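Asks: Below you will find the structure I want to go over with you.
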Amino acid sequence: MVEGKIKVLLSKLGLDVHNRGIITVARELRDAGMEVIYIGNALPEEIIETAIQEDVDLIALSCLSGAHMYLFTEVVKQLRGKGINNVTVIGGGTIPREDIARLKEAGIKEVFLPGTPLREIIKWTKENVKPLQQA
């Protein structure tokens, strides 16, 4: 890991194949100076294992299938179940506004809906996520 860079793991959950949004976010985070790892479609277990192996600061999840309540919270549950409390988890996708409060209660720090300006995602990330691995 490059010293001082926020390290982000991005993934689609389950079998959702609509990846244009998350790929665009990954590219913008990279261009904003973050270290980005995009693993495509994965299950919560795979996301957690990759997050541990890569020692990431932030997990960014995308879901357009409607299964966000289960899948997003399952990632947080498994992460915390392994005693990992210093990794921030955010989500994005077609998520009904009425689900956002419940997702946040379950440990998702922020939810970005379609049409969120990329600069807003970058700003939020820089203000709310600090690199854990400072040499």
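Within each chain, counting starts at residue 1; across the structure tokens, chains are named A, B, ... in the order shown, with ligands numbered 1 upward in that order.
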Which polymer residues have any atom within 9 Å of an atom of A:Asp57, counting only C-alpha atoms, with same-chain residues fewer than 5 positions away left out, as a tab-separated table (two decimals) with C-alpha atoms, in the first residue's frame?

Replies:
chain	number	residue	atom	x	y	z
A	6	ILE	CA	-7.04	5.51	1.17
A	7	LYS	CA	-7.37	1.91	0.04
A	8	VAL	CA	-10.82	1.06	-1.35
A	9	LEU	CA	-12.34	-2.30	-2.24
A	51	ALA	CA	-10.83	-6.90	2.35
A	86	ASN	CA	-11.97	-0.14	11.56
A	87	VAL	CA	-13.13	-0.68	7.98
A	88	THR	CA	-15.83	1.67	6.71
A	89	VAL	CA	-18.60	0.21	4.54
A	129	VAL	CA	-12.13	7.64	5.68
A	130	LYS	CA	-8.55	7.83	6.86
A	131	PRO	CA	-5.82	5.44	5.77
A	132	LEU	CA	-5.27	2.81	8.44
A	133	GLN	CA	-1.84	1.69	7.28

Asks: Run DSSP on the backbone and grab whatever in stretch 64-123 of chain A lands in alpha helix (DSSP H); send it over as a list in words.

Replies: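 The alpha helix (DSSP H) residues within stretch 64-123 of chain A come out as His68, Met69, Tyr70, Leu71, Phe72, Thr73, Glu74, Val75, Val76, Lys77, Gln78, Leu79, Arg80, Gly81, Arg97, Glu98, Asp99, Ile100, Ala101, Arg102, Leu103, Lys104, Glu105, Leu118, Arg119, Glu120, Ile121, Ile122 and Lys123 of chain A.
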
Asks: Contacts of A:Ile39 at 9 Å or less, counting only C-alpha atoms, minus same-chain residues fewer than 5 places along, as number ranges by chain?

Replies: A: 9-12, 47, 50

Asks: Pick from A:Lys82, A:Arg119, A:Lys5, A:Arg102: nearest to A:Ile48, with only C-alpha atoms counted?

Replies: A:Lys82

Asks: Looking at A:Glu127, A:Asp99, A:Glu28, A:Glu54, which one is nearest to A:Tyr70, with distances taken over only C-alpha atoms?

Replies: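 Using only C-alpha atoms, the shortest distance to A:Tyr70 belongs to A:Asp99.
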
Asks: Please compute the atom CA of A:Val111-atom CA of A:Thr125 distance, one decimal, in Å.

Replies: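 Rounded to one decimal, the two atoms are 11.7 Å apart.
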
Asks: Which residues come within 12 Å of stretch 74-79 of chain A, counting only C-alpha atoms, excluding same-chain residues fewer than 2 positions away, as an NGL selection string?

Replies: :A and (11-14 or 42-52 or 56 or 58-62 or 67-72 or 81-91 or 103-109)

Asks: Measuring atom to atom with only C-alpha atoms, identify which of A:Gly33, A:Tyr38, A:Gly4, A:Gly93 is nearest to A:Asp16.

Replies: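 Comparing A:Gly33, A:Tyr38, A:Gly4, A:Gly93 against A:Asp16, the winner is A:Gly93.
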
Asks: Residues at most 10 Å from A:Lys123, counting only C-alpha atoms, excluding those fewer than 5 positions away in the same chain, as a compact mmCIF listing (two decimals) with C-alpha atoms, in the first residue's frame?

Replies:
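Writing done, so here's part38.txt:
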# COMPACT_ATOMS: atom_id res chain seq x y z
CA LEU A 29 -11.65 7.33 -6.78
CA ALA A 32 -8.62 11.25 -6.93
CA LEU A 118 -18.91 11.81 -8.35
CA ASN A 128 -14.73 10.31 6.42

Asks: Assign secondary structure with DSSP using the backbone only, and return the residues of chain A in strand (DSSP E or B) as JSON, numbers by chain.

Replies: {"A": [7, 8, 9, 10, 11, 12, 13, 35, 36, 37, 38, 39, 40, 41, 42, 58, 59, 60, 61, 62, 63, 88, 89, 90, 91, 92, 93, 110, 111, 112]}

Asks: Include C-alpha atoms and write out the residues we just selected as a PDB file, in the first residue's frame.

Replies:
ATOM      1  CA  LYS A   7      -7.370   1.912   0.039  1.00  0.00           C
ATOM      2  CA  VAL A   8     -10.818   1.058  -1.350  1.00  0.00           C
ATOM      3  CA  LEU A   9     -12.338  -2.304  -2.238  1.00  0.00           C
ATOM      4  CA  LEU A  10     -15.318  -2.072  -4.609  1.00  0.00           C
ATOM      5  CA  SER A  11     -17.651  -4.910  -5.467  1.00  0.00           C
ATOM      6  CA  LYS A  12     -21.023  -5.775  -6.914  1.00  0.00           C
ATOM      7  CA  LEU A  13     -23.042  -8.103  -4.743  1.00  0.00           C
ATOM      8  CA  GLU A  35      -5.724   2.932  -4.200  1.00  0.00           C
ATOM      9  CA  VAL A  36      -8.606   1.013  -5.779  1.00  0.00           C
ATOM     10  CA  ILE A  37      -9.320  -2.695  -5.939  1.00  0.00           C
ATOM     11  CA  TYR A  38     -12.372  -3.702  -7.986  1.00  0.00           C
ATOM     12  CA  ILE A  39     -13.311  -7.377  -7.721  1.00  0.00           C
ATOM     13  CA  GLY A  40     -16.530  -7.369  -9.735  1.00  0.00           C
ATOM     14  CA  ASN A  41     -19.343  -9.623  -8.605  1.00  0.00           C
ATOM     15  CA  ALA A  42     -18.791 -11.352  -5.289  1.00  0.00           C
ATOM     16  CA  LEU A  58     -13.149   1.233   2.835  1.00  0.00           C
ATOM     17  CA  ILE A  59     -15.512  -1.290   1.262  1.00  0.00           C
ATOM     18  CA  ALA A  60     -17.839   0.189  -1.367  1.00  0.00           C
ATOM     19  CA  LEU A  61     -20.747  -2.036  -2.361  1.00  0.00           C
ATOM     20  CA  SER A  62     -23.157  -1.752  -5.264  1.00  0.00           C
ATOM     21  CA  CYS A  63     -26.516  -3.421  -5.637  1.00  0.00           C
ATOM     22  CA  THR A  88     -15.828   1.673   6.708  1.00  0.00           C
ATOM     23  CA  VAL A  89     -18.599   0.205   4.541  1.00  0.00           C
ATOM     24  CA  ILE A  90     -20.667   2.284   2.102  1.00  0.00           C
ATOM     25  CA  GLY A  91     -23.265   1.323  -0.460  1.00  0.00           C
ATOM     26  CA  GLY A  92     -24.790   2.540  -3.649  1.00  0.00           C
ATOM     27  CA  GLY A  93     -27.304   1.610  -6.284  1.00  0.00           C
ATOM     28  CA  GLU A 110     -23.299   6.202   3.747  1.00  0.00           C
ATOM     29  CA  VAL A 111     -25.534   5.379   0.812  1.00  0.00           C
ATOM     30  CA  PHE A 112     -25.130   6.986  -2.603  1.00  0.00           C
TER      31      PHE A 112
END
